[in-house]
Each structure stands twice: as structure tokens, then as C-alpha cells.
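Student: Pasting my_file34.pdb here (PDB, C-alpha atoms and all ligand atoms):
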ATOM      1  CA  MET S  21       0.000   0.000   0.000
ATOM      2  CA  ASP S  22       3.008   2.337   0.298
ATOM      3  CA  GLN S  23       2.800   3.548  -3.292
ATOM      4  CA  ILE S  24      -0.963   4.015  -3.040
ATOM      5  CA  ARG S  25      -0.654   5.987   0.233
ATOM      6  CA  GLU S  26       1.916   8.294  -1.336
ATOM      7  CA  GLY S  27      -0.314   8.617  -4.393
ATOM      8  CA  VAL S  28      -3.261   9.752  -2.256
ATOM      9  CA  ARG S  29      -0.983  12.173  -0.409
ATOM     10  CA  ARG S  30       0.173  13.635  -3.744
ATOM     11  CA  PHE S  31      -3.429  13.842  -4.981
ATOM     12  CA  ARG S  32      -4.518  15.845  -1.925
ATOM     13  CA  THR S  33      -1.519  18.151  -1.859
ATOM     14  CA  VAL S  34      -0.671  18.646  -5.548
ATOM     15  CA  VAL S  35      -3.252  17.312  -8.040
ATOM     16  CA  PHE S  36      -6.456  18.417  -6.282
ATOM     17  CA  PRO S  37      -5.352  22.010  -5.555
ATOM     18  CA  GLU S  38      -4.439  22.448  -9.237
ATOM     19  CA  LYS S  39      -7.947  21.410 -10.302
ATOM     20  CA  ARG S  40      -9.918  22.589  -7.286
ATOM     21  CA  GLU S  41     -12.444  24.526  -9.392
ATOM     22  CA  LEU S  42     -13.192  21.485 -11.545
ATOM     23  CA  TYR S  43     -13.733  19.222  -8.528
ATOM     24  CA  GLU S  44     -15.868  21.806  -6.740
ATOM     25  CA  SER S  45     -18.049  22.179  -9.858
ATOM     26  CA  LEU S  46     -18.668  18.427  -9.695
ATOM     27  CA  ALA S  47     -19.781  18.441  -6.057
ATOM     28  CA  GLU S  48     -23.483  17.831  -6.719
ATOM     29  CA  LYS S  49     -23.762  16.743 -10.342
ATOM     30  CA  GLN S  50     -22.201  14.898 -13.245
ATOM     31  CA  HIS S  51     -22.877  15.269 -16.960
ATOM     32  CA  PRO S  52     -20.752  12.621 -18.653
ATOM     33  CA  PHE S  53     -21.080  12.524 -22.423
ATOM     34  CA  ALA S  54     -20.126   8.879 -22.883
ATOM     35  CA  LEU S  55     -20.450   5.480 -21.253
ATOM     36  CA  PHE S  56     -17.143   3.640 -21.598
ATOM     37  CA  ILE S  57     -17.377  -0.137 -21.153
ATOM     38  CA  THR S  58     -14.026  -1.853 -20.949
ATOM     39  CA  CYS S  59     -12.088  -4.676 -19.319
ATOM     40  CA  GLY S  60     -10.848  -4.466 -15.751
ATOM     41  CA  ASP S  61      -7.280  -4.976 -17.018
ATOM     42  CA  SER S  62      -4.870  -2.749 -15.073
ATOM     43  CA  ARG S  63      -3.119  -1.637 -18.255
ATOM     44  CA  ILE S  64      -6.144   0.280 -19.523
ATOM     45  CA  GLU S  65      -6.572   3.843 -18.287
ATOM     46  CA  PRO S  66      -9.792   5.176 -19.881
ATOM     47  CA  SER S  67      -9.386   8.856 -18.961
ATOM     48  CA  LEU S  68      -5.760   8.944 -20.060
ATOM     49  CA  LEU S  69      -6.614   7.162 -23.312
ATOM     50  CA  THR S  70      -9.496   9.500 -24.144
ATOM     51  CA  GLY S  71      -8.089  12.733 -22.748
ATOM     52  CA  THR S  72     -11.092  13.188 -20.494
ATOM     53  CA  THR S  73     -11.335  14.756 -17.058
ATOM     54  CA  PRO S  74     -13.416  13.711 -14.021
ATOM     55  CA  GLY S  75     -17.130  13.982 -14.805
ATOM     56  CA  GLN S  76     -16.813  13.392 -18.561
ATOM     57  CA  ILE S  77     -16.996   9.613 -19.033
ATOM     58  CA  PHE S  78     -18.999   7.085 -17.043
ATOM     59  CA  VAL S  79     -16.917   3.920 -16.826
ATOM     60  CA  GLU S  80     -18.095   0.322 -16.466
ATOM     61  CA  ARG S  81     -15.369  -2.292 -16.180
ATOM     62  CA  ASN S  82     -15.518  -6.058 -16.013
ATOM     63  CA  PRO S  83     -13.508  -9.051 -17.221
ATOM     64  CA  GLY S  84     -13.749  -9.177 -21.021
ATOM     65  CA  ASN S  85     -15.737  -5.905 -21.418
ATOM     66  CA  ILE S  86     -18.941  -7.906 -21.411
ATOM     67  CA  VAL S  87     -22.476  -6.583 -21.895
ATOM     68  CA  PRO S  88     -24.862  -9.296 -20.685
ATOM     69  CA  ILE S  89     -28.059  -9.900 -22.606
ATOM     70  CA  TYR S  90     -30.729  -7.892 -20.776
ATOM     71  CA  ASP S  91     -32.563  -9.664 -17.985
ATOM     72  CA  GLU S  92     -34.275  -7.390 -15.475
ATOM     73  CA  THR S  93     -34.457 -10.177 -12.896
ATOM     74  CA  ALA S  94     -30.704 -10.854 -12.874
ATOM     75  CA  SER S  95     -28.417  -9.039 -10.454
ATOM     76  CA  VAL S  96     -26.028  -7.713 -13.053
ATOM     77  CA  GLY S  97     -24.153  -4.507 -12.283
ATOM     78  CA  VAL S  98     -23.407  -3.858 -15.954
ATOM     79  CA  SER S  99     -27.118  -3.601 -16.755
ATOM     80  CA  SER S 100     -27.614  -1.106 -13.957
ATOM     81  CA  SER S 101     -24.686   1.012 -15.202
ATOM     82  CA  ILE S 102     -26.165   1.028 -18.702
ATOM     83  CA  GLU S 103     -29.610   2.054 -17.439
ATOM     84  CA  TYR S 104     -28.189   4.821 -15.285
ATOM     85  CA  ALA S 105     -25.796   6.216 -17.896
ATOM     86  CA  VAL S 106     -28.192   5.969 -20.840
ATOM     87  CA  ALA S 107     -31.582   6.758 -19.281
ATOM     88  CA  VAL S 108     -30.727   8.965 -16.290
ATOM     89  CA  LEU S 109     -27.463  10.706 -17.178
ATOM     90  CA  GLY S 110     -28.343  10.791 -20.867
ATOM     91  CA  VAL S 111     -24.916  10.064 -22.351
ATOM     92  CA  ASP S 112     -24.631  10.664 -26.096
ATOM     93  CA  ASP S 113     -22.447   7.659 -26.876
ATOM     94  CA  VAL S 114     -21.566   4.190 -25.624
ATOM     95  CA  ILE S 115     -18.090   2.830 -26.348
ATOM     96  CA  VAL S 116     -17.309  -0.871 -25.912
ATOM     97  CA  CYS S 117     -13.531  -1.164 -25.724
ATOM     98  CA  GLY S 118     -11.680  -4.473 -25.970
ATOM     99  CA  HIS S 119      -7.918  -4.716 -25.822
ATOM    100  CA  SER S 120      -4.807  -6.644 -26.779
ATOM    101  CA  ALA S 121      -3.450  -9.518 -24.656
ATOM    102  CA  CYS S 122      -6.767  -9.766 -22.782
ATOM    103  CA  GLY S 123      -6.663 -12.487 -20.135
ATOM    104  CA  ALA S 124     -10.389 -13.135 -20.531
ATOM    105  CA  MET S 125     -10.044 -13.668 -24.296
ATOM    106  CA  ARG S 126      -6.995 -15.879 -23.774
ATOM    107  CA  ALA S 127      -8.942 -17.975 -21.265
ATOM    108  CA  LEU S 128     -11.684 -18.474 -23.859
ATOM    109  CA  LEU S 129      -9.084 -19.913 -26.238
ATOM    110  CA  HIS S 130      -7.792 -22.194 -23.457
ATOM    111  CA  PRO S 131     -10.933 -23.161 -21.534
ATOM    112  CA  GLU S 132      -8.993 -25.536 -19.273
ATOM    113  CA  VAL S 133      -7.728 -22.510 -17.303
ATOM    114  CA  LEU S 134     -11.339 -21.623 -16.477
ATOM    115  CA  GLU S 135     -11.785 -24.790 -14.420
ATOM    116  CA  LYS S 136     -10.146 -23.075 -11.440
ATOM    117  CA  VAL S 137     -12.285 -19.942 -11.738
ATOM    118  CA  PRO S 138     -15.921 -21.042 -12.118
ATOM    119  CA  ALA S 139     -17.425 -17.585 -11.580
ATOM    120  CA  THR S 140     -15.303 -16.259 -14.445
ATOM    121  CA  ALA S 141     -16.220 -19.223 -16.626
ATOM    122  CA  HIS S 142     -19.887 -18.463 -15.996
ATOM    123  CA  TRP S 143     -19.411 -14.748 -16.700
ATOM    124  CA  LEU S 144     -17.591 -15.363 -19.972
ATOM    125  CA  LYS S 145     -20.505 -17.358 -21.374
ATOM    126  CA  TYR S 146     -21.621 -14.017 -22.824
ATOM    127  CA  ALA S 147     -18.525 -14.113 -25.039
ATOM    128  CA  GLN S 148     -19.076 -17.676 -26.275
ATOM    129  CA  PRO S 149     -20.844 -16.615 -29.509
ATOM    130  CA  ALA S 150     -17.628 -14.759 -30.424
ATOM    131  CA  VAL S 151     -15.599 -17.939 -29.812
ATOM    132  CA  GLN S 152     -17.980 -19.907 -32.019
ATOM    133  CA  GLN S 153     -17.623 -17.332 -34.800
ATOM    134  CA  LEU S 154     -13.847 -17.505 -34.530
ATOM    135  CA  GLU S 155     -13.920 -21.284 -34.797
ATOM    136  CA  ARG S 156     -16.138 -21.138 -37.865
ATOM    137  CA  HIS S 157     -13.298 -19.363 -39.676
ATOM    138  CA  ARG S 158     -10.622 -21.526 -38.180
ATOM    139  CA  GLN S 159      -7.378 -21.151 -40.049
ATOM    140  CA  ARG S 160      -3.773 -21.813 -39.251
ATOM    141  CA  GLU S 161      -3.010 -18.610 -37.478
ATOM    142  CA  ASP S 162      -0.780 -17.991 -34.561
ATOM    143  CA  GLU S 163      -2.146 -17.338 -31.118
ATOM    144  CA  SER S 164      -1.693 -13.554 -31.215
ATOM    145  CA  VAL S 165      -3.690 -13.248 -34.448
ATOM    146  CA  ARG S 166      -6.500 -15.434 -33.078
ATOM    147  CA  LEU S 167      -6.497 -13.501 -29.812
ATOM    148  CA  LYS S 168      -6.904 -10.195 -31.625
ATOM    149  CA  LYS S 169      -9.643 -11.600 -33.882
ATOM    150  CA  LEU S 170     -11.496 -12.936 -30.851
ATOM    151  CA  ALA S 171     -11.227  -9.568 -29.080
ATOM    152  CA  HIS S 172     -12.703  -7.895 -32.185
ATOM    153  CA  LEU S 173     -15.532 -10.433 -32.463
ATOM    154  CA  ASN S 174     -16.231 -10.108 -28.752
ATOM    155  CA  VAL S 175     -16.580  -6.327 -29.010
ATOM    156  CA  LEU S 176     -19.089  -6.807 -31.849
ATOM    157  CA  GLU S 177     -20.993  -9.382 -29.792
ATOM    158  CA  GLN S 178     -21.216  -7.054 -26.787
ATOM    159  CA  MET S 179     -22.294  -4.143 -29.024
ATOM    160  CA  SER S 180     -25.056  -6.380 -30.291
ATOM    161  CA  ASN S 181     -26.065  -7.270 -26.719
ATOM    162  CA  LEU S 182     -26.420  -3.563 -25.943
ATOM    163  CA  HIS S 183     -29.454  -3.526 -28.253
ATOM    164  CA  THR S 184     -31.276  -5.942 -25.894
ATOM    165  CA  HIS S 185     -31.293  -3.278 -23.156
ATOM    166  CA  PRO S 186     -34.620  -1.384 -23.345
ATOM    167  CA  THR S 187     -33.094   1.972 -22.411
ATOM    168  CA  VAL S 188     -30.540   1.607 -25.238
ATOM    169  CA  ALA S 189     -33.173   0.421 -27.736
ATOM    170  CA  GLU S 190     -35.359   3.408 -26.876
ATOM    171  CA  ARG S 191     -32.555   5.934 -27.400
ATOM    172  CA  LEU S 192     -31.483   4.222 -30.645
ATOM    173  CA  LYS S 193     -35.064   4.418 -31.918
ATOM    174  CA  ARG S 194     -35.022   8.151 -31.256
ATOM    175  CA  GLY S 195     -31.642   8.453 -32.969
ATOM    176  CA  THR S 196     -30.038  10.033 -29.919
ATOM    177  CA  LEU S 197     -27.411   7.445 -29.030
ATOM    178  CA  GLY S 198     -24.254   6.292 -30.775
ATOM    179  CA  ILE S 199     -22.695   2.871 -30.198
ATOM    180  CA  HIS S 200     -18.994   2.405 -30.951
ATOM    181  CA  GLY S 201     -16.715  -0.629 -30.872
ATOM    182  CA  TRP S 202     -13.040  -0.122 -30.066
ATOM    183  CA  PHE S 203      -9.937  -2.224 -29.771
ATOM    184  CA  TYR S 204      -7.015  -0.783 -27.812
ATOM    185  CA  GLU S 205      -3.552  -2.163 -28.478
ATOM    186  CA  ILE S 206      -1.548  -1.715 -25.296
ATOM    187  CA  HIS S 207       2.020  -1.914 -26.592
ATOM    188  CA  THR S 208       1.507   0.538 -29.487
ATOM    189  CA  GLY S 209      -1.085   2.870 -27.936
ATOM    190  CA  THR S 210      -3.258   2.382 -31.016
ATOM    191  CA  VAL S 211      -7.052   2.622 -30.948
ATOM    192  CA  GLU S 212      -8.996   0.843 -33.678
ATOM    193  CA  ALA S 213     -12.702   1.558 -34.165
ATOM    194  CA  PHE S 214     -15.193  -0.675 -35.955
ATOM    195  CA  ASN S 215     -16.263   0.877 -39.247
ATOM    196  CA  PRO S 216     -19.803  -0.338 -40.062
ATOM    197  CA  GLU S 217     -19.271   0.505 -43.763
ATOM    198  CA  THR S 218     -16.146  -1.594 -44.298
ATOM    199  CA  LYS S 219     -17.099  -3.989 -41.468
ATOM    200  CA  LYS S 220     -13.524  -3.782 -40.211
ATOM    201  CA  PHE S 221     -11.679  -2.369 -37.251
ATOM    202  CA  GLU S 222      -9.613   0.578 -38.489
ATOM    203  CA  GLN S 223      -7.149   2.873 -36.814
ATOM    204  CA  TRP S 224      -8.985   5.776 -35.219
ATOM    205  CA  PRO S 225      -8.862   8.695 -35.622
ATOM    206  CA  HIS S 226      -8.110   8.075 -39.313
ATOM    207  CA  ASP S 227      -5.859  11.097 -39.727
ATOM    208  CA  LEU S 228      -3.237   9.959 -37.213
TER     209      LEU S 228
HETATM  210 ZN    ZN S 301      -9.044  -7.872 -20.662
END
Show how you would write the structure in this file as C-alpha cells.
Ligand SMILES: [Zn+2]
Tutor:
Amino acid sequence: MDQIREGVRRFRTVVFPEKRELYESLAEKQHPFALFITCGDSRIEPSLLTGTTPGQIFVERNPGNIVPIYDETASVGVSSSIEYAVAVLGVDDVIVCGHSACGAMRALLHPEVLEKVPATAHWLKYAQPAVQQLERHRQREDESVRLKKLAHLNVLEQMSNLHTHPTVAERLKRGTLGIHGWFYEIHTGTVEAFNPETKKFEQWPHDL
């Protein structure tokens, strides 16, 4: 905890005073413009990646950046985050962001590792359609290529699951919500976004 304690000390004495006005303006309200759904992986830093400040993006994180199929009777935190961000806070956009070297995606390619972690195995069932799609196009590719393809397919699957959430469906019907699929490559800092016209993930922004 030593590093964390010193980090909190630095936040209180250096970081906070520099942005005191911003934090004070956020005392009673938040108006984030996007819901950012990504993996819990410690190498992803959503605010740093998107250049956003506190109050601007509502973040939901879980293993494999999963969006469960809507079920109002299930105790699923992700569904509650989606409802709150989309229906109450009124975000303009939802971003589903997968990433390179994802442990959850790797586990799906090697299901034997999931035997020791049954809760994770159960959670990742929402990514199984992506695994099945990958296997349909099975070719002799090395692990890193398959891992990236699976991460892409999983993002598309979770984007599709978003449509099962009534609050999302309602906003989409009104044309007031954008849904975006991203893939973040950790070791190059690259963001790829799914282009619905080419049906491919492409470097984003394009003019980089
Ligand atoms: Zn991950």
C-alpha cells in the first residue's frame, strides 16, 4: 500500500489544488457525455486514453468488457450502469472497448484454465458466440492473431447485446445514441474503431 498511500498524499496536496475549481463544480452533479465499457485490465486507463477529465466519461469495467443480454431479474451490475448512464445521465455515446493480450479472451481460447475460476467461466458465457464465430473461420493462425480476432468479435458481440437493453433500444429508436466498438492495443497505444461501412476495425482517428 506504500505507493498508493503516497499517491493519495500527492493527490490531496498537488493534483487536487491544481484542479480545485473542476472538482468543486462536480460536487453535486455529473454530466458525462459517454459510457465507456471496458475490461478491468490494469493496463487500460480510460481517462488517459481518451483525454477526459473527471465527470466526462462514465466507466463500467468487467472481465472481457462484457455486456450481458438484458434480464431485469438478474443481479447484473453492468445492466444497472447502462440504465443509469443511458436513461438517467443521458450520455450521447456508448463505447465498448476491448484490448490486446486480454486475459479473458486468452482464457476463452484455453478453456482448461477456467476450471479453477468457475465464476469467471460463468461470466464469460456471454462471449461464447464470439468464440464460435472464430472457430467457424478456423485457419492456421498464430495465437496472437487469433487472440486479436477474438477480441474484435467479442466487441461486436457485446455491441449487439447492448441492443437488448430497453433503455438503449429506446434511445437508438429516437436516434439520440451512438454505439462504438473499439480495440485498444496496449504496446503501441493504437485505438482501432469498428467501421460499419467496411465492417472492419480501423485505426482511429483516421488522420493519425
Ligand atoms: Zn481484458
Student: Restricting the calculation to all atoms listed in the file: of S:Thr218, S:Thr140, S:Thr58, S:Thr33, which residue gets closest to ligand ZN 301 (chain S)?
Tutor: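 Using all atoms listed in the file, ligand ZN 301 (chain S) sits closest to S:Thr58.
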Student: Which protein, DNA or RNA residues have an atom within 12 Å of ligand ZN 301 (chain S), counting only C-alpha atoms and all ligand atoms, as a PyMOL selection string?
Tutor: chain S and resi 57-64+81-86+117-128+144+167-168+170-171+174-175+203-206
Student: Rounded to one decimal place, report the atom CA of S:Val96-atom CA of S:Leu192 distance in Å.
Tutor: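 Here the two named atoms are 21.9 Å from each other.
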Student: I need the output of the PyMOL selection byres (((chain S and resi 198) around 7) and not hetatm) for this file as a PyMOL selection string; which residues are they?
Tutor: chain S and resi 112-114+196-197+199-200
Student: May I ask which of the residues S:Pro225, S:Pro52, S:Pro186, S:Pro216 is the closest one to S:Ser99, counting all atoms listed in the file?
Tutor: S:Pro186
Student: When you draw a straight line from atom CA of S:Leu109 to atom CA of S:His185, how long is it in Å?
Tutor: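 That distance, rounded to one decimal, is 15.7 Å.
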